[in-house]
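I have placed the structure first, in the form of structure tokens, so that the comments after it can refer back to it.
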Amino acid sequence: MYFEKGDSGFAFSSEELKKAVFAALDKLGPKKKVLAIPPDFTRYHSRAGELTRYAYEYYGDHLTDILPALGTHFPMTDAEIGRMFPGVPRALFRVHNWREDVVTVGIVPGGYVKEFSGGVVDYDWPAQVNRLLVEGGYDLILSLGQVVPHEVIGMASYNKNIFVGTGGAEGINKSHFVGAAYGMERIMGRSLTPVRMLLNYASEHFTNHLPIVYLQTVVSQGGDGLQMRGLFVGDDIECFEKASRLSLEVNFRMLDREMKKVVVYLDPEEFRSTWLGNKSVYRTRMAIADDGELIVLAPGLHQFGEDPGIDALIRKYGYVHTPQVLEYVRQNEDLQNSLGVAAHLIHGTSEGRFTITYCPGHLTRREIESVGFNYADLHEMTARYNPEKLTDGWNTVDGEEIYYISNPALGLWACRERFK
């Protein structure tokens with residue numbers, strides 16, 4: 001560990017954060033060529049942009065490349081880069097192409113995958129990373145990111161930033177399907193899961209020679225607003241485990257009773273697709289009652305997938321119940337070759353337990369209903385459930401009790417009886 005500080009009642013100021021980053025980097029000694037791998041704009045609130053800026057201030061010209069961990073997401077726009085990384089030269093940024101820019105650094109044998117997943121899948125898994133990591137000649141790779149409950153792997157960040165954020169199509173697709181087939185409710189909020197075990201195996205056997213150092217943040221929304229509660233810097237799993245424990249404390253909302261009606265707001269700058277916006281579904285479904293209702297206010301919603309091919313597959317198959325998705329996979333080669341999409345469809349269903357109503361800013365009723373969601377008019381629903389008047393948690397609107405969430409990416413909600 002090069003630095004660790006975190007507490008549910010603590011909040012990093014920018015000055016404190018800069019001192020912390022500089023103190024950690026001082027312990028690493030001089031470096032000649034540095035690569036930074038922050039998350040993209042969908043993790044704007046992670047403070048990773050600020051960490052990257054401080055790394056640039058520290059290393060100057062020795063920080064030669066910045067590779068946002070896009071995974072399957074759209075490349076960042078110049079406006080997003082300018083907002084998330086103010087003061088960092090645009091020329092330093094590289095775009096990760098998850099279909100073309102990767103190398104396979106090793107194969108996790110199917111026997112291990114079967115063991116890790118409890119027998120739900122048994123295929124080989126390729127550990128893939130952007131070729132820059134292997135061929136760039138760096139003497140330091142900084143992986144920066146936010147640890148928070150996650151639907152695919154249990155807790156986000158750490159080596160997920162490497163093998164998924166800079167990973168390739170086959171590796172991403174197959175790892176996502178492992179998590180979905182194993183069961184999202186058995187994964188979310190847990191630091192050791194089948195998918196994490198895959199990545200840990202890859203870290204130990206295939207990339208332990210790479211000079212990767214992790215800067216892990218923990219961010220939460222509380223009575224004092226959006227605050228960074230912790231920073232953990234290290235070169236092994238210890239920093240992730242410590243960040244995970246704090247994240248569970250500040251990001252996990254364990255409720256004593258179920259939600260009957262939930263209203264979730266999706267920031268239009270952060271959520272432009274259901275690929276991301278469905279965090280409103282899977283981050284809440286362990287807390288929503290049978291026959292409950294989820295209403296998603298999505299003013300920035302333009303499409304379903306972050307990639308044209310993924311978007312087309314979502315439109316083709318829709319958000320159906322898990323048995324139907326698995327049947328589609330058995331019968332259709334396009335889904336067999338895009339298991340990440342199949343996993344996403346599983347993540348986006350309520351399995352018929354509750355209704356999901358999207359209120360999109362840019363998609364039509366026909367488009368929303370064609371993938372299996374209910375549709376409602378954004379302006380009408382925003383007038384009824386005004387985000388500017390609601391507070392996170394329980395609210396009463398016209399005599400009706402609702403639970404409001406202003407950003408589903410910042411937490412995980414579960415009813416105590418459903419979370420075992």
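Starting from 1 in every chain, residues are counted up; chains themselves are A, B, ... following the order of the structure tokens, and ligands are numbered from 1 as listed.
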
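Residues surrounding Phe240 (chain A) within 8 Å are Val147, Ser157, Tyr158, Gln216, Phe232, Asp236 and Ser244 of chain A [only C-alpha atoms; sequence separation below 4 positions excluded].
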
Deliver the residues from the most recent selection as a file, using N, CA and C atoms, as a CSV table (one decimal), in the first residue's frame.
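Done, and the output landed in out-v8.csv:
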```csv
chain,number,residue,atom,x,y,z
A,147,VAL,N,-14.4,2.3,-6.8
A,147,VAL,CA,-14.9,1.1,-6.3
A,147,VAL,C,-16.4,1.3,-5.8
A,157,SER,N,-14.0,-1.7,-10.5
A,157,SER,CA,-12.6,-1.2,-10.5
A,157,SER,C,-11.6,-2.3,-10.3
A,158,TYR,N,-10.4,-1.9,-9.8
A,158,TYR,CA,-9.3,-2.8,-9.6
A,158,TYR,C,-8.9,-3.4,-11.0
A,216,GLN,N,-7.7,3.8,-6.1
A,216,GLN,CA,-9.1,3.4,-6.0
A,216,GLN,C,-9.8,4.5,-5.1
A,232,PHE,N,-7.4,4.7,-1.9
A,232,PHE,CA,-6.5,3.6,-1.5
A,232,PHE,C,-5.6,3.3,-2.7
A,236,ASP,N,-1.5,-4.3,-5.5
A,236,ASP,CA,-2.1,-5.6,-5.4
A,236,ASP,C,-3.5,-5.5,-4.9
A,244,SER,N,-13.3,-1.7,-1.1
A,244,SER,CA,-14.6,-2.4,-1.2
A,244,SER,C,-15.3,-2.4,0.2
```

I'd like the contact shell of Gly165 (chain A) - 8 Å cut-off, only C-alpha atoms, skipping same-chain residues fewer than 3 positions apart - returned as a PyMOL selection string. chain A and resi 39+68-72+160-162

To one decimal place in Å, what is the distance between CA of Gly29 (chain A) and CA of Pro211 (chain A)? 12.6 Å

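Using only C-alpha atoms, the shortest contact distance between Gly361 (chain A) and any of A:Asp307, A:Glu80, A:Asp235, A:Asp267 is found at A:Asp267.
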
So, counting only C-alpha atoms, which residue among A:Val108, A:Ala287, A:Val134, A:Ala409 is closest to Asn200 (chain A)?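 Closest to Asn200 (chain A) of all the choices is A:Val108.
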
Can you list, as a ChimeraX atom specification, all residues belonging to region 156-361 of chain A that DSSP tags as helix (DSSP H, G or I)? /A:160-163,169-182,184-186,194-205,237-251,274-277,279-282,308-317,322-331,333-336,339-347

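Near His176 (chain A), within a cut-off of 7 Å and counting only C-alpha atoms, sit the residues Val152, Gly340 and Ala343 of chain A, with same-chain residues fewer than 6 positions away left out.
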
For Lys18 (chain A), please output as number ranges by chain all residues within 9 Å (counting only C-alpha atoms; exclusion window: fewer than 6 positions along the same chain). A: 50-51, 54-55

Residue selection dump (all heavy atoms) as a CSV table (one decimal), in the first residue's frame:
```csv
chain,number,residue,atom,x,y,z
A,50,GLU,N,-9.9,14.0,-11.8
A,50,GLU,CA,-9.0,14.9,-10.9
A,50,GLU,C,-7.7,14.2,-10.6
A,50,GLU,O,-6.6,14.8,-10.6
A,50,GLU,CB,-9.8,15.2,-9.6
A,50,GLU,CG,-9.1,16.3,-8.8
A,50,GLU,CD,-10.0,16.7,-7.6
A,50,GLU,OE1,-11.2,16.3,-7.6
A,50,GLU,OE2,-9.5,17.4,-6.7
A,51,LEU,N,-7.8,12.9,-10.3
A,51,LEU,CA,-6.6,12.1,-10.0
A,51,LEU,C,-5.6,12.1,-11.2
A,51,LEU,O,-4.4,12.2,-11.1
A,51,LEU,CB,-6.9,10.6,-9.7
A,51,LEU,CG,-7.7,10.3,-8.4
A,51,LEU,CD1,-7.9,8.8,-8.3
A,51,LEU,CD2,-7.1,10.9,-7.2
A,54,TYR,N,-3.8,15.4,-11.5
A,54,TYR,CA,-2.7,15.5,-10.5
A,54,TYR,C,-1.5,14.6,-10.9
A,54,TYR,O,-0.4,15.0,-10.7
A,54,TYR,CB,-3.2,15.1,-9.1
A,54,TYR,CG,-4.2,16.0,-8.6
A,54,TYR,CD1,-5.2,15.5,-7.7
A,54,TYR,CD2,-4.3,17.3,-8.9
A,54,TYR,CE1,-6.2,16.3,-7.2
A,54,TYR,CE2,-5.3,18.2,-8.4
A,54,TYR,CZ,-6.3,17.6,-7.5
A,54,TYR,OH,-7.2,18.5,-7.0
A,55,ALA,N,-1.8,13.5,-11.5
A,55,ALA,CA,-0.7,12.6,-12.1
A,55,ALA,C,0.0,13.4,-13.2
A,55,ALA,O,1.3,13.3,-13.3
A,55,ALA,CB,-1.3,11.3,-12.6
```

Between CA of Tyr214 (chain A) and CA of Ser273 (chain A), measure the distance and give it in Å to one decimal. 28.6 Å

Could you pull the residues within 9 Å of Cys359 (chain A), counting only C-alpha atoms, minus those fewer than 6 positions along the same chain, as a PDB file with N, CA and C atoms, in the first residue's frame?
```pdb
ATOM      1  N   ILE A 295     -39.960   3.599 -12.262  1.00  0.00           N
ATOM      2  CA  ILE A 295     -40.119   4.664 -13.251  1.00  0.00           C
ATOM      3  C   ILE A 295     -38.753   5.311 -13.463  1.00  0.00           C
ATOM      4  N   VAL A 296     -38.313   5.351 -14.716  1.00  0.00           N
ATOM      5  CA  VAL A 296     -36.982   5.860 -15.036  1.00  0.00           C
ATOM      6  C   VAL A 296     -37.119   7.138 -15.854  1.00  0.00           C
ATOM      7  N   LEU A 297     -36.729   8.264 -15.256  1.00  0.00           N
ATOM      8  CA  LEU A 297     -36.721   9.547 -15.947  1.00  0.00           C
ATOM      9  C   LEU A 297     -35.390   9.673 -16.676  1.00  0.00           C
ATOM     10  N   ALA A 298     -35.431   9.616 -18.008  1.00  0.00           N
ATOM     11  CA  ALA A 298     -34.203   9.503 -18.798  1.00  0.00           C
ATOM     12  C   ALA A 298     -34.152  10.557 -19.904  1.00  0.00           C
ATOM     13  N   PRO A 299     -33.915  11.813 -19.552  1.00  0.00           N
ATOM     14  CA  PRO A 299     -33.945  12.884 -20.567  1.00  0.00           C
ATOM     15  C   PRO A 299     -32.861  12.763 -21.618  1.00  0.00           C
ATOM     16  N   LEU A 301     -31.720   9.881 -22.981  1.00  0.00           N
ATOM     17  CA  LEU A 301     -31.722   8.565 -23.622  1.00  0.00           C
ATOM     18  C   LEU A 301     -31.892   8.689 -25.135  1.00  0.00           C
ATOM     19  N   ARG A 365     -42.167   5.950 -28.220  1.00  0.00           N
ATOM     20  CA  ARG A 365     -42.940   4.914 -27.525  1.00  0.00           C
ATOM     21  C   ARG A 365     -42.728   3.560 -28.196  1.00  0.00           C
ATOM     22  N   ILE A 368     -39.307   2.042 -27.272  1.00  0.00           N
ATOM     23  CA  ILE A 368     -39.241   1.591 -25.879  1.00  0.00           C
ATOM     24  C   ILE A 368     -40.053   0.315 -25.679  1.00  0.00           C
ATOM     25  N   ASN A 374     -42.270  -0.569 -20.488  1.00  0.00           N
ATOM     26  CA  ASN A 374     -43.404   0.344 -20.606  1.00  0.00           C
ATOM     27  C   ASN A 374     -42.886   1.739 -20.950  1.00  0.00           C
ATOM     28  N   TYR A 375     -43.757   2.536 -21.544  1.00  0.00           N
ATOM     29  CA  TYR A 375     -43.391   3.905 -21.938  1.00  0.00           C
ATOM     30  C   TYR A 375     -44.294   4.908 -21.231  1.00  0.00           C
ATOM     31  N   ALA A 376     -43.698   6.043 -20.841  1.00  0.00           N
ATOM     32  CA  ALA A 376     -44.478   7.169 -20.329  1.00  0.00           C
ATOM     33  C   ALA A 376     -43.813   8.457 -20.805  1.00  0.00           C
ATOM     34  N   ASP A 377     -44.609   9.481 -20.929  1.00  0.00           N
ATOM     35  CA  ASP A 377     -44.114  10.763 -21.430  1.00  0.00           C
ATOM     36  C   ASP A 377     -43.201  11.419 -20.392  1.00  0.00           C
ATOM     37  N   LEU A 378     -42.022  11.830 -20.829  1.00  0.00           N
ATOM     38  CA  LEU A 378     -41.033  12.396 -19.917  1.00  0.00           C
ATOM     39  C   LEU A 378     -41.539  13.672 -19.251  1.00  0.00           C
ATOM     40  N   HIS A 379     -42.146  14.563 -20.007  1.00  0.00           N
ATOM     41  CA  HIS A 379     -42.581  15.847 -19.450  1.00  0.00           C
ATOM     42  C   HIS A 379     -43.692  15.649 -18.417  1.00  0.00           C
ATOM     43  N   MET A 381     -44.278  12.915 -16.609  1.00  0.00           N
ATOM     44  CA  MET A 381     -43.772  12.234 -15.421  1.00  0.00           C
ATOM     45  C   MET A 381     -42.816  13.117 -14.624  1.00  0.00           C
ATOM     46  N   THR A 382     -42.069  13.969 -15.313  1.00  0.00           N
ATOM     47  CA  THR A 382     -41.174  14.887 -14.607  1.00  0.00           C
ATOM     48  C   THR A 382     -41.971  15.942 -13.850  1.00  0.00           C
TER      49      THR A 382
END
```

Out of region 235-375 of chain A, which residues get strand (DSSP E) from DSSP, as a ChimeraX atom specification? /A:252-255,259-265,288-298,355-360,374-375

Write out, as a short mmCIF file (atom, residue, chain, number, x, y, z; two decimals), in the first residue's frame, the residues just selected, with N, CA, C and O atoms.
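To be explicit, this is the file written out as out-v2.cif:
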```
data_model
loop_
_atom_site.label_atom_id
_atom_site.label_comp_id
_atom_site.auth_asym_id
_atom_site.auth_seq_id
_atom_site.Cartn_x
_atom_site.Cartn_y
_atom_site.Cartn_z
N PHE A 252 -23.99 1.04 -0.03
CA PHE A 252 -25.00 -0.01 0.05
C PHE A 252 -26.15 0.47 0.94
O PHE A 252 -25.95 0.75 2.11
N ARG A 253 -27.33 0.55 0.36
CA ARG A 253 -28.52 0.96 1.12
C ARG A 253 -29.34 -0.29 1.47
O ARG A 253 -30.06 -0.82 0.62
N MET A 254 -29.22 -0.77 2.67
CA MET A 254 -29.97 -1.94 3.11
C MET A 254 -31.27 -1.46 3.76
O MET A 254 -31.24 -0.76 4.77
N LEU A 255 -32.39 -1.83 3.17
CA LEU A 255 -33.70 -1.35 3.63
C LEU A 255 -34.42 -2.42 4.43
O LEU A 255 -34.30 -3.62 4.15
N MET A 259 -39.55 -1.51 -1.58
CA MET A 259 -40.07 -0.35 -2.29
C MET A 259 -41.25 -0.77 -3.16
O MET A 259 -41.14 -1.74 -3.92
N LYS A 260 -42.35 -0.05 -3.07
CA LYS A 260 -43.49 -0.33 -3.95
C LYS A 260 -43.38 0.46 -5.25
O LYS A 260 -43.72 -0.05 -6.33
N LYS A 261 -42.94 1.70 -5.15
CA LYS A 261 -42.74 2.53 -6.34
C LYS A 261 -41.41 3.25 -6.22
O LYS A 261 -41.15 3.92 -5.21
N VAL A 262 -40.59 3.12 -7.26
CA VAL A 262 -39.27 3.73 -7.28
C VAL A 262 -39.18 4.67 -8.48
O VAL A 262 -39.57 4.30 -9.59
N VAL A 263 -38.67 5.86 -8.26
CA VAL A 263 -38.42 6.81 -9.34
C VAL A 263 -36.92 7.07 -9.39
O VAL A 263 -36.31 7.47 -8.38
N VAL A 264 -36.33 6.82 -10.56
CA VAL A 264 -34.90 7.02 -10.74
C VAL A 264 -34.67 8.08 -11.80
O VAL A 264 -35.29 8.06 -12.87
N TYR A 265 -33.75 9.00 -11.51
CA TYR A 265 -33.39 10.04 -12.47
C TYR A 265 -32.02 9.70 -13.07
O TYR A 265 -31.08 9.38 -12.35
N ILE A 288 -37.08 -3.88 -4.76
CA ILE A 288 -38.43 -3.60 -5.25
C ILE A 288 -39.35 -4.77 -4.97
O ILE A 288 -38.99 -5.94 -5.19
N ALA A 289 -40.54 -4.47 -4.51
CA ALA A 289 -41.52 -5.49 -4.14
C ALA A 289 -42.10 -6.16 -5.39
O ALA A 289 -42.11 -5.58 -6.49
N ASP A 290 -42.60 -7.37 -5.22
CA ASP A 290 -43.37 -8.02 -6.29
C ASP A 290 -44.56 -7.12 -6.64
O ASP A 290 -45.21 -6.55 -5.74
N ASP A 291 -44.82 -6.99 -7.93
CA ASP A 291 -45.89 -6.12 -8.44
C ASP A 291 -45.60 -4.64 -8.17
O ASP A 291 -46.50 -3.80 -8.24
N GLY A 292 -44.33 -4.32 -7.88
CA GLY A 292 -43.94 -2.92 -7.72
C GLY A 292 -43.75 -2.26 -9.07
O GLY A 292 -43.97 -2.84 -10.13
N GLU A 293 -43.29 -0.99 -9.02
CA GLU A 293 -43.12 -0.22 -10.25
C GLU A 293 -41.83 0.59 -10.18
O GLU A 293 -41.54 1.24 -9.19
N LEU A 294 -41.07 0.52 -11.27
CA LEU A 294 -39.87 1.33 -11.43
C LEU A 294 -40.10 2.32 -12.56
O LEU A 294 -40.41 1.92 -13.68
N ILE A 295 -39.96 3.60 -12.26
CA ILE A 295 -40.12 4.66 -13.25
C ILE A 295 -38.75 5.31 -13.46
O ILE A 295 -38.12 5.77 -12.50
N VAL A 296 -38.31 5.35 -14.72
CA VAL A 296 -36.98 5.86 -15.04
C VAL A 296 -37.12 7.14 -15.85
O VAL A 296 -37.57 7.11 -17.00
N LEU A 297 -36.73 8.26 -15.26
CA LEU A 297 -36.72 9.55 -15.95
C LEU A 297 -35.39 9.67 -16.68
O LEU A 297 -34.34 9.80 -16.05
N ALA A 298 -35.43 9.62 -18.01
CA ALA A 298 -34.20 9.50 -18.80
C ALA A 298 -34.15 10.56 -19.90
O ALA A 298 -34.28 10.25 -21.09
N THR A 355 -42.92 -3.87 -12.83
CA THR A 355 -42.94 -3.20 -14.13
C THR A 355 -41.81 -2.18 -14.21
O THR A 355 -41.40 -1.58 -13.21
N ILE A 356 -41.32 -1.98 -15.43
CA ILE A 356 -40.26 -1.00 -15.70
C ILE A 356 -40.80 -0.03 -16.74
O ILE A 356 -41.13 -0.42 -17.85
N THR A 357 -40.89 1.23 -16.36
CA THR A 357 -41.41 2.26 -17.25
C THR A 357 -40.32 3.27 -17.55
O THR A 357 -39.83 3.96 -16.64
N TYR A 358 -39.92 3.36 -18.81
CA TYR A 358 -38.93 4.34 -19.23
C TYR A 358 -39.62 5.59 -19.76
O TYR A 358 -40.61 5.50 -20.50
N CYS A 359 -39.07 6.74 -19.39
CA CYS A 359 -39.55 8.04 -19.86
C CYS A 359 -38.38 8.70 -20.60
O CYS A 359 -37.60 9.45 -20.00
N PRO A 360 -38.22 8.41 -21.90
CA PRO A 360 -37.01 8.82 -22.60
C PRO A 360 -37.11 10.22 -23.21
O PRO A 360 -38.20 10.68 -23.57
N ASN A 374 -42.27 -0.57 -20.49
CA ASN A 374 -43.40 0.34 -20.61
C ASN A 374 -42.89 1.74 -20.95
O ASN A 374 -41.74 2.08 -20.66
N TYR A 375 -43.76 2.54 -21.54
CA TYR A 375 -43.39 3.90 -21.94
C TYR A 375 -44.29 4.91 -21.23
O TYR A 375 -45.49 4.67 -21.04
#
```

What lies within 12 Å of region 223-226 of chain A using only C-alpha atoms, ignoring chain neighbours under 5 positions off, as a list in words? Ser8, Gly9, Phe10, Ala11, Phe12, Ser13, Tyr44, His45, Ser46, Arg47, Val218, Val250, Asn251, Thr391, Asp392, Gly393, Ser406, Asn407, Leu410 and Gly411 of chain A

With distances taken over only C-alpha atoms, which residue among A:Leu144, A:Met84, A:Ile187, A:Leu335 lies nearest Glu269 (chain A)? A:Met84

Near-Asn97 (chain A) list (9 Å; only C-alpha atoms; drop same-chain fewer than 2 positions) as a list in words: Leu70, Gly71, Thr72, Pro75, Val95, Arg99, Glu100, Asp101, Val102, Asn130, Thr166, Gly167 and Gly168 of chain A

Atoms kept (N, CA and C atoms) for selection, written as a compact mmCIF listing (two decimals), in the first residue's frame:
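Produced file out07.txt, reproduced below:
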```txt
# COMPACT_ATOMS: atom_id res chain seq x y z
N LEU A 70 -12.66 2.45 -21.83
CA LEU A 70 -13.98 2.52 -22.46
C LEU A 70 -14.75 1.21 -22.38
N GLY A 71 -14.03 0.07 -22.37
CA GLY A 71 -14.76 -1.18 -22.53
C GLY A 71 -15.54 -1.14 -23.82
N THR A 72 -16.86 -1.30 -23.72
CA THR A 72 -17.72 -1.29 -24.91
C THR A 72 -18.37 0.08 -25.16
N PRO A 75 -16.44 6.29 -27.58
CA PRO A 75 -15.28 7.13 -27.27
C PRO A 75 -15.72 8.45 -26.65
N VAL A 95 -7.78 6.36 -27.84
CA VAL A 95 -9.10 5.74 -27.88
C VAL A 95 -8.94 4.23 -27.92
N ARG A 99 -12.63 -3.96 -30.28
CA ARG A 99 -12.70 -5.00 -31.30
C ARG A 99 -11.37 -5.20 -32.02
N GLU A 100 -10.47 -4.22 -31.97
CA GLU A 100 -9.27 -4.30 -32.79
C GLU A 100 -7.96 -4.05 -32.06
N ASP A 101 -7.96 -3.28 -30.96
CA ASP A 101 -6.71 -2.82 -30.35
C ASP A 101 -6.19 -3.71 -29.23
N VAL A 102 -6.52 -4.99 -29.24
CA VAL A 102 -6.20 -5.83 -28.08
C VAL A 102 -5.25 -6.96 -28.42
N ASN A 130 -5.58 -3.87 -23.96
CA ASN A 130 -5.13 -3.01 -25.04
C ASN A 130 -3.63 -3.21 -25.24
N THR A 166 -10.02 -2.07 -20.77
CA THR A 166 -9.17 -2.06 -21.96
C THR A 166 -9.18 -3.42 -22.65
N GLY A 167 -10.21 -4.22 -22.36
CA GLY A 167 -10.27 -5.58 -22.87
C GLY A 167 -10.83 -5.69 -24.27
N GLY A 168 -10.90 -6.93 -24.75
CA GLY A 168 -11.38 -7.22 -26.10
C GLY A 168 -12.75 -7.84 -26.10
```

Identify which of the residues A:Gly111, A:Pro268, A:Gly106, A:Gly145 lies closest to Asn208 (chain A), counting only C-alpha atoms when measuring atom-to-atom distances. A:Gly106
